[in-house]
Every structure is written in structure tokens, then in C-alpha cells.
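So the structure is just underneath, and the comments pick up after that.
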Amino acid sequence: MSGEARQAVAPEGVHGDDLVVRIGQLTRMLRDSMRELGLDKEVEKAAEAIPDARARLNYVASMTEQAADRALNAVDRAQPLQTEIETRAETLDQQWRTWFENPMELDQARQLVNDTRGYLAAVPEMARDTSKELLEIMMAQDFQDLTGQVIKKMMEVILEVENQLLQVLLESVPEGEERDALRQRMEDRNAADTRKREEASLVNGPQLTAEGDGIVSNQDQVDDLLDELGF
Amino acid sequence: MDKGMSILVVDDFPTMRRIVRSLLKELGFTNVEEAEDGQEALGKLKDGGFEFVVSDWNMPNLDGLEMLKQIRADDGMKALPVLMVTAEAKKENIVAAAQAGANGYIVKPFTAATLEEKLNKIFEKLGK
């Protein structure tokens with residue numbers, strides 16, 4: 001083995017290799033203990049929870065982005081309407097002011113009157129369109145509820161991960177105060193968790209994707225299902 | 001149909017309660033109160049005076065389904081129309097809600113048009 005060869009070369013090498021061998025032995029011992037105690041399964045579960053947490057965060061990021069886009073698009077559509085209402089009114093007002101300072105011929109006045117009437121007829125529709133955009137902005141805020149639910153669910157997942165890792169930690173700490181304190185901490189957390197897990201499995205929050213068995217992806221599907229059930 | 005009817009909106013997220021309240025206002029219903037979970041809602045409903053309930057499902061203390069079941073089990077409240085508006089989107093959810101006596105089920109995210117349509121459908125069925 002190369003270790004032996006180095007041993008013959010320099011005195012410092014002896015100490016260094018001893019350490020390497022010892023570390024190797026400890027690592028093997030740790031691995032064996034973990035397997036014996038079933039802790040490698042715990043770590044595996046913890047690792048598996050990470051993709052779920054990632055999917056949830058992805059959902060939150062995309063929902064918030066969509067909501068922002070929706071709101072900004074609505075603003076883009078509403079702004080020109082408001083500008084038009086404003087500028088046309090200002091123009092007509094100016095023309096009327098000018099007319100009053102110097103009342104003009106009937107024909108020219110008629111044009112101003114027609115323009116003004118045209119404006120008054122156009123305003124309600126423009127105002128209604130703006131209102132529609134305001135409604136759209138309001139509806140876009142529904143992301144807050146959906147992302148909030150997903151985040152709550154994710155907290156549960158993270159708690160579970162923490163639990164698994166604490167379990168591993170617990171087993172690796174020698175008997176004594178430190179271990180008892182850790183065990184107490186885990187028990188407290190477990191009590192809270194068990195309560196949560198006993199809640200109905202019907203409470204899952206928003207689905208992250210629309211695919212999957214037993215998942216309904218839109219209102220039409222809900223209506224169809226209700227029709228099927230005879231409701 | 002009486003647009004002055006008193007409606008209770010139940011959801012643990014204030015933003016959602018606010019959105020539903022605004023939509024109801026757009027449709028002419030201004031007599032709206034709020035509750036943040038099934039427990040608070042039952043308290044308010046028992047005091048009386050409500051003619052319609054719009055409720056979320058996923059809430060702390062008492063969720064929407066449990067609240068619905070308790071409403072249907074109470075002599076004084078059992079005829080109260082209840083419209084579920086929720087993110088719960090598994091078939092088993094819809095089945096459970098229908099069997100528990102929900103008058104309608106809207107899945108989030110929803111549109112103003114959907115809310116109006118489902119409300120009207122419920123009023124029609126109740127002959128209001």
C-alpha cells in the first residue's frame with residue numbers, strides 16, 4: 001500500500017496516514033451505525049422533500065410573476081383611456097373659453113358643440129373600460145391567497161425535514177444532558193406535527209400542476225363533475 | 001331577489017375576503033360581513049340574520065367542510081345556502097362538498113363572471 005511506502009520516507013508521514021486511516025474507519029463506522037439505526041432512510045426522506053419544496057417555491061414565483069404581469073397589463077390598457085379623457089376635455093374646455101372671450105359665428109360654434117357632445121357620449125364607455133381594468137387589477141391580487149396556502153404547506157414539509165435531520169443528530173449525540181435536551185426539543189415539535197398530520201387529508205391547498213389523477217384543473221371540470229353527481 | 005340580503009364571507013386570507021366583498025359589491029350586494037375561520041363563522045351565523053354564506057375550505061380552527069356539516073346539522077341554520085370558493089381541487093374534495101350539502105363549488109383562481117354565474121344559479125334553484 002502507498003501508506004507503507006510513505007512511512008519509510010519521512011517521520012511526519014506516519015502521523016498523517018494514521019489520521020487518514022482513522023478517519024476512514026470512523027466514516028465506515030458512522031455509515032454502518034446509520035444503516036443499523038435506519039437513519040439513512042431518514043436522511044433519504046429529508047432529501048426527497050427538497051424537490052417538493054422546490055416545486056412549491058416555483059409555483060409561488062410563477063404565480064406572483066403572473067399576477068404582476070396581469071396588473072401591469074391592465075394599467076397599460078387603462079392609462080391611454082384616462083389620458084384621452086383628460087386631454088380631450090382640456091382641449092374642449094380651452095376652445096369654449098376662447099369662444100366665450102370672443103363669441104364666433106354660428107357655424108363654427110356648431111362644430112364646437114358637436115365636438116363637445118361627441119366627447120360626452122364617449123366618456124361613459126371609456127370610464128367603463130377603465131373600471132374593467134381596475135377590476136382586473138383587483139382580481140390579480142388573488143395570488144396572495146394561493147401562494148400563502150402553498151407557503152403554509154411548505155412550512156409543514158420543512159418542519160418534517162427538520163425532524164428527520166434532528167433524528168439523525170439525536171442518535172449521534174452521546175447520552176447525557178445535551179441528548180436529553182435535543183430529545184425534548186424533538187418531542188415538543190412532534191406533538192405539534194402530529195396534530196397537523198391528523199387534520200383531514202382533504203386539506204391540501206392549491207395543486208401545483210393541473211395534471212394528475214383525481215385533480216380538477218378548472219371551473220368547467222368542477223361543473224361537469226357536479227353534473228355527473230347529480231348536483 | 002333581495003340585493004340587501006346579508007352575506008357572510010369566510011376565508012382566512014384577508015385579501016381574498018376583500019376581493020369577494022368587492023365582487024359582491026359590483027353585483028349589488030353591499031350587506032356583507034366577514035369571518036376568518038369556520039369557528040368564528042358559526043358564532044356569527046348562530047347569532048342569526050345571515051341569508052347566504054360564501055366560504056373557503058382550508059382554514060385553521062374549523063375548516064370549511066366541517067363548518068358546512070355543522071350548519072347542515074343545526075335546525076336553525078340547515079337551510080342556509082353555502083357557496084364554497086376554494087383552492088382545493090381534487091375530485092374527492094368536490095364530491096365531499098356536494099355530499100355535505102354545499103350549494104355550489106368554485107375553484108380558485110376564479111373570475112368575476114364565474115362568481116356571478118354561480119350565485120345566480122343558486123338563487124334560481126332556491127326560487128329567489
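Ordered as shown in the C-alpha cells, chains take letters A, B, and onward, while each chain numbers its residues from 1 and ligands are numbered from 1 in the order shown.
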Interface residues on chain A facing chain B, 9 Å, only C-alpha atoms, written as a VMD selection string: chain A and resid 135 138 to 139 141 to 146 148 to 149 202 to 207 213 to 219 222 to 223 225 to 226 229 231
Prev. selection, N, CA and C atoms, output as a PDB file, in the first residue's frame:
```
ATOM      1  N   LEU A 135     -60.981  46.365 -12.162  1.00  0.00           N
ATOM      2  CA  LEU A 135     -61.477  45.088 -11.675  1.00  0.00           C
ATOM      3  C   LEU A 135     -60.445  43.994 -11.909  1.00  0.00           C
ATOM      4  N   MET A 138     -57.731  44.191  -9.439  1.00  0.00           N
ATOM      5  CA  MET A 138     -58.180  43.645  -8.158  1.00  0.00           C
ATOM      6  C   MET A 138     -58.126  42.120  -8.177  1.00  0.00           C
ATOM      7  N   MET A 139     -58.686  41.528  -9.232  1.00  0.00           N
ATOM      8  CA  MET A 139     -58.711  40.070  -9.312  1.00  0.00           C
ATOM      9  C   MET A 139     -57.302  39.496  -9.338  1.00  0.00           C
ATOM     10  N   GLN A 141     -54.954  40.202  -7.589  1.00  0.00           N
ATOM     11  CA  GLN A 141     -54.402  40.068  -6.233  1.00  0.00           C
ATOM     12  C   GLN A 141     -54.722  38.725  -5.597  1.00  0.00           C
ATOM     13  N   ASP A 142     -55.492  37.883  -6.294  1.00  0.00           N
ATOM     14  CA  ASP A 142     -55.851  36.594  -5.690  1.00  0.00           C
ATOM     15  C   ASP A 142     -54.625  35.682  -5.508  1.00  0.00           C
ATOM     16  N   PHE A 143     -53.502  36.072  -6.123  1.00  0.00           N
ATOM     17  CA  PHE A 143     -52.289  35.265  -5.965  1.00  0.00           C
ATOM     18  C   PHE A 143     -51.898  35.168  -4.496  1.00  0.00           C
ATOM     19  N   GLN A 144     -52.198  36.208  -3.742  1.00  0.00           N
ATOM     20  CA  GLN A 144     -51.744  36.282  -2.355  1.00  0.00           C
ATOM     21  C   GLN A 144     -52.306  35.137  -1.514  1.00  0.00           C
ATOM     22  N   ASP A 145     -53.568  34.830  -1.765  1.00  0.00           N
ATOM     23  CA  ASP A 145     -54.230  33.744  -1.053  1.00  0.00           C
ATOM     24  C   ASP A 145     -53.622  32.397  -1.473  1.00  0.00           C
ATOM     25  N   LEU A 146     -53.483  32.192  -2.778  1.00  0.00           N
ATOM     26  CA  LEU A 146     -52.994  30.905  -3.275  1.00  0.00           C
ATOM     27  C   LEU A 146     -51.539  30.658  -2.877  1.00  0.00           C
ATOM     28  N   GLY A 148     -50.005  32.027  -0.409  1.00  0.00           N
ATOM     29  CA  GLY A 148     -49.994  31.893   1.046  1.00  0.00           C
ATOM     30  C   GLY A 148     -50.280  30.468   1.475  1.00  0.00           C
ATOM     31  N   GLN A 149     -51.254  29.834   0.831  1.00  0.00           N
ATOM     32  CA  GLN A 149     -51.594  28.450   1.179  1.00  0.00           C
ATOM     33  C   GLN A 149     -50.451  27.503   0.854  1.00  0.00           C
ATOM     34  N   LEU A 202     -58.066  15.957   3.217  1.00  0.00           N
ATOM     35  CA  LEU A 202     -58.760  16.690   2.182  1.00  0.00           C
ATOM     36  C   LEU A 202     -58.220  18.111   2.068  1.00  0.00           C
ATOM     37  N   VAL A 203     -57.382  18.505   3.042  1.00  0.00           N
ATOM     38  CA  VAL A 203     -56.876  19.869   3.034  1.00  0.00           C
ATOM     39  C   VAL A 203     -55.465  19.887   2.469  1.00  0.00           C
ATOM     40  N   ASN A 204     -55.341  20.205   1.178  1.00  0.00           N
ATOM     41  CA  ASN A 204     -54.042  20.151   0.533  1.00  0.00           C
ATOM     42  C   ASN A 204     -53.571  21.486  -0.014  1.00  0.00           C
ATOM     43  N   GLY A 205     -54.467  22.454  -0.082  1.00  0.00           N
ATOM     44  CA  GLY A 205     -54.089  23.727  -0.681  1.00  0.00           C
ATOM     45  C   GLY A 205     -54.105  23.617  -2.196  1.00  0.00           C
ATOM     46  N   PRO A 206     -53.652  24.680  -2.858  1.00  0.00           N
ATOM     47  CA  PRO A 206     -53.696  24.682  -4.317  1.00  0.00           C
ATOM     48  C   PRO A 206     -52.836  23.570  -4.892  1.00  0.00           C
ATOM     49  N   GLN A 207     -53.274  22.968  -6.006  1.00  0.00           N
ATOM     50  CA  GLN A 207     -52.481  21.957  -6.692  1.00  0.00           C
ATOM     51  C   GLN A 207     -51.392  22.683  -7.478  1.00  0.00           C
ATOM     52  N   ASP A 213     -54.065  12.310 -11.660  1.00  0.00           N
ATOM     53  CA  ASP A 213     -55.350  11.665 -11.413  1.00  0.00           C
ATOM     54  C   ASP A 213     -56.082  12.365 -10.293  1.00  0.00           C
ATOM     55  N   GLY A 214     -57.370  12.451 -10.490  1.00  0.00           N
ATOM     56  CA  GLY A 214     -58.164  12.967  -9.387  1.00  0.00           C
ATOM     57  C   GLY A 214     -58.022  14.459  -9.155  1.00  0.00           C
ATOM     58  N   ILE A 215     -57.304  15.144 -10.040  1.00  0.00           N
ATOM     59  CA  ILE A 215     -57.182  16.596  -9.880  1.00  0.00           C
ATOM     60  C   ILE A 215     -58.043  17.304 -10.911  1.00  0.00           C
ATOM     61  N   VAL A 216     -58.692  18.340 -10.426  1.00  0.00           N
ATOM     62  CA  VAL A 216     -59.568  19.113 -11.289  1.00  0.00           C
ATOM     63  C   VAL A 216     -58.831  20.388 -11.665  1.00  0.00           C
ATOM     64  N   SER A 217     -58.751  20.703 -12.968  1.00  0.00           N
ATOM     65  CA  SER A 217     -57.901  21.848 -13.298  1.00  0.00           C
ATOM     66  C   SER A 217     -58.628  23.141 -13.604  1.00  0.00           C
ATOM     67  N   ASN A 218     -59.944  23.129 -13.745  1.00  0.00           N
ATOM     68  CA  ASN A 218     -60.643  24.396 -13.954  1.00  0.00           C
ATOM     69  C   ASN A 218     -62.111  24.286 -13.563  1.00  0.00           C
ATOM     70  N   GLN A 219     -62.791  25.450 -13.591  1.00  0.00           N
ATOM     71  CA  GLN A 219     -64.178  25.511 -13.143  1.00  0.00           C
ATOM     72  C   GLN A 219     -65.084  24.606 -13.990  1.00  0.00           C
ATOM     73  N   VAL A 222     -65.053  21.218 -12.688  1.00  0.00           N
ATOM     74  CA  VAL A 222     -65.816  21.157 -11.433  1.00  0.00           C
ATOM     75  C   VAL A 222     -67.296  21.020 -11.759  1.00  0.00           C
ATOM     76  N   ASP A 223     -67.767  21.894 -12.689  1.00  0.00           N
ATOM     77  CA  ASP A 223     -69.183  21.864 -13.061  1.00  0.00           C
ATOM     78  C   ASP A 223     -69.583  20.518 -13.640  1.00  0.00           C
ATOM     79  N   LEU A 225     -68.223  17.600 -13.096  1.00  0.00           N
ATOM     80  CA  LEU A 225     -68.251  16.595 -12.030  1.00  0.00           C
ATOM     81  C   LEU A 225     -69.522  16.730 -11.200  1.00  0.00           C
ATOM     82  N   LEU A 226     -69.890  17.973 -10.891  1.00  0.00           N
ATOM     83  CA  LEU A 226     -71.111  18.185 -10.103  1.00  0.00           C
ATOM     84  C   LEU A 226     -72.330  17.690 -10.870  1.00  0.00           C
ATOM     85  N   LEU A 229     -72.552  14.037 -10.649  1.00  0.00           N
ATOM     86  CA  LEU A 229     -73.016  13.570  -9.349  1.00  0.00           C
ATOM     87  C   LEU A 229     -74.489  13.893  -9.124  1.00  0.00           C
ATOM     88  N   PHE A 231     -75.723  17.024  -8.893  1.00  0.00           N
ATOM     89  CA  PHE A 231     -75.981  18.212  -8.081  1.00  0.00           C
ATOM     90  C   PHE A 231     -76.211  19.421  -8.959  1.00  0.00           C
TER      91      PHE A 231
END
```
Those of chain B in DSSP strand (DSSP E or B), formatted as JSON, numbers by chain: {"B": [7, 8, 9, 10, 32, 33, 34, 35, 52, 53, 54, 55, 82, 83, 84, 85, 86, 90, 104, 105, 106, 107]}
Neighbour list for Glu33 in chain B as a ChimeraX atom specification, cut-off 7 Å, only C-alpha atoms, skip fewer than 6 positions in-chain: /B:7-9
Atom-to-atom span, CA of Leu170 in chain A and CA of Arg22 in chain A, Å: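 Taking CA of Leu170 in chain A as the start and CA of Arg22 in chain A as the end point, the length is 23.3 Å.
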Point-to-point distance from CA of Val32 in chain B to CA of Val10 in chain B, Å rounded to tenths: 10.6 Å
Residue among B:Met84, B:Val54, B:Ala100, B:Leu42 lying closest to Lys69 in chain B, counting only C-alpha atoms: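 Ranking B:Met84, B:Val54, B:Ala100, B:Leu42 by distance to Lys69 in chain B, first place goes to B:Ala100.
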Contact residues around range 156-169 of chain A with only C-alpha atoms at 9 Å, ignoring same-chain residues under 5 positions, as number ranges by chain: A: 34, 39-40, 42-43, 45-47, 49-50, 52-53, 151, 182-183, 186, 189-190, 193, 196
Output file for the residues above (C-alpha atoms, as a CSV table (one decimal), in the first residue's frame):
```csv
chain,number,residue,atom,x,y,z
A,34,MET,CA,-26.7,4.9,10.4
A,39,LEU,CA,-31.1,6.8,9.9
A,40,ASP,CA,-30.0,6.6,6.3
A,42,GLU,CA,-34.4,9.4,7.4
A,43,VAL,CA,-31.8,11.4,5.5
A,45,LYS,CA,-36.7,11.2,3.2
A,46,ALA,CA,-35.2,14.6,4.0
A,47,ALA,CA,-33.5,14.7,0.6
A,49,ALA,CA,-38.6,16.6,0.5
A,50,ILE,CA,-36.3,19.1,-1.2
A,52,ASP,CA,-41.3,19.2,-3.3
A,53,ALA,CA,-40.2,22.4,-1.6
A,151,ILE,CA,-46.2,28.5,1.6
A,182,LEU,CA,-32.4,17.5,22.0
A,183,ARG,CA,-34.9,14.7,22.6
A,186,MET,CA,-37.9,16.8,19.2
A,189,ARG,CA,-42.0,19.5,17.8
A,190,ASN,CA,-43.5,16.1,17.2
A,193,ASP,CA,-46.6,17.9,14.0
A,196,LYS,CA,-51.2,18.8,12.0
```
Long-range neighbours of range 86-102 of chain A as a ChimeraX atom specification, 12 Å cut-off, only C-alpha atoms, 3 positions minimum in chain: /A:79-83,105-106,108-120,122-123,126-127
Atom pair CA of Lys46 in chain B / CA of Ile71 in chain B: separation (Å): 9.2 Å
Backbone-only DSSP, helix (DSSP H, G or I) members of range 43-86 of chain B, as an NGL selection string: :B and (43-47 or 64-73)
Keeping only C-alpha atoms, take the residues you just selected and write them out as a compact mmCIF listing (two decimals), in the first residue's frame.
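Saved file again.txt follows:
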```txt
# COMPACT_ATOMS: atom_id res chain seq x y z
CA GLY B 43 -70.54 32.07 16.02
CA LYS B 44 -71.79 34.84 13.77
CA LEU B 45 -74.27 32.60 11.97
CA LYS B 46 -75.78 31.37 15.22
CA ASP B 47 -76.48 34.96 16.21
CA GLY B 64 -64.98 24.99 5.54
CA LEU B 65 -66.18 21.41 5.18
CA GLU B 66 -66.61 20.92 8.92
CA MET B 67 -68.35 24.27 9.18
CA LEU B 68 -70.72 23.25 6.37
CA LYS B 69 -71.52 19.96 8.09
CA GLN B 70 -72.30 21.77 11.33
CA ILE B 71 -74.51 24.24 9.51
CA ARG B 72 -76.49 21.41 7.92
CA ALA B 73 -76.78 19.65 11.28
```
Which residue of B:Met1, B:Leu80, B:Leu24, B:Ala113 approaches Glu51 in chain B most closely, using only C-alpha atoms: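 Nearest to Glu51 in chain B: B:Leu80.
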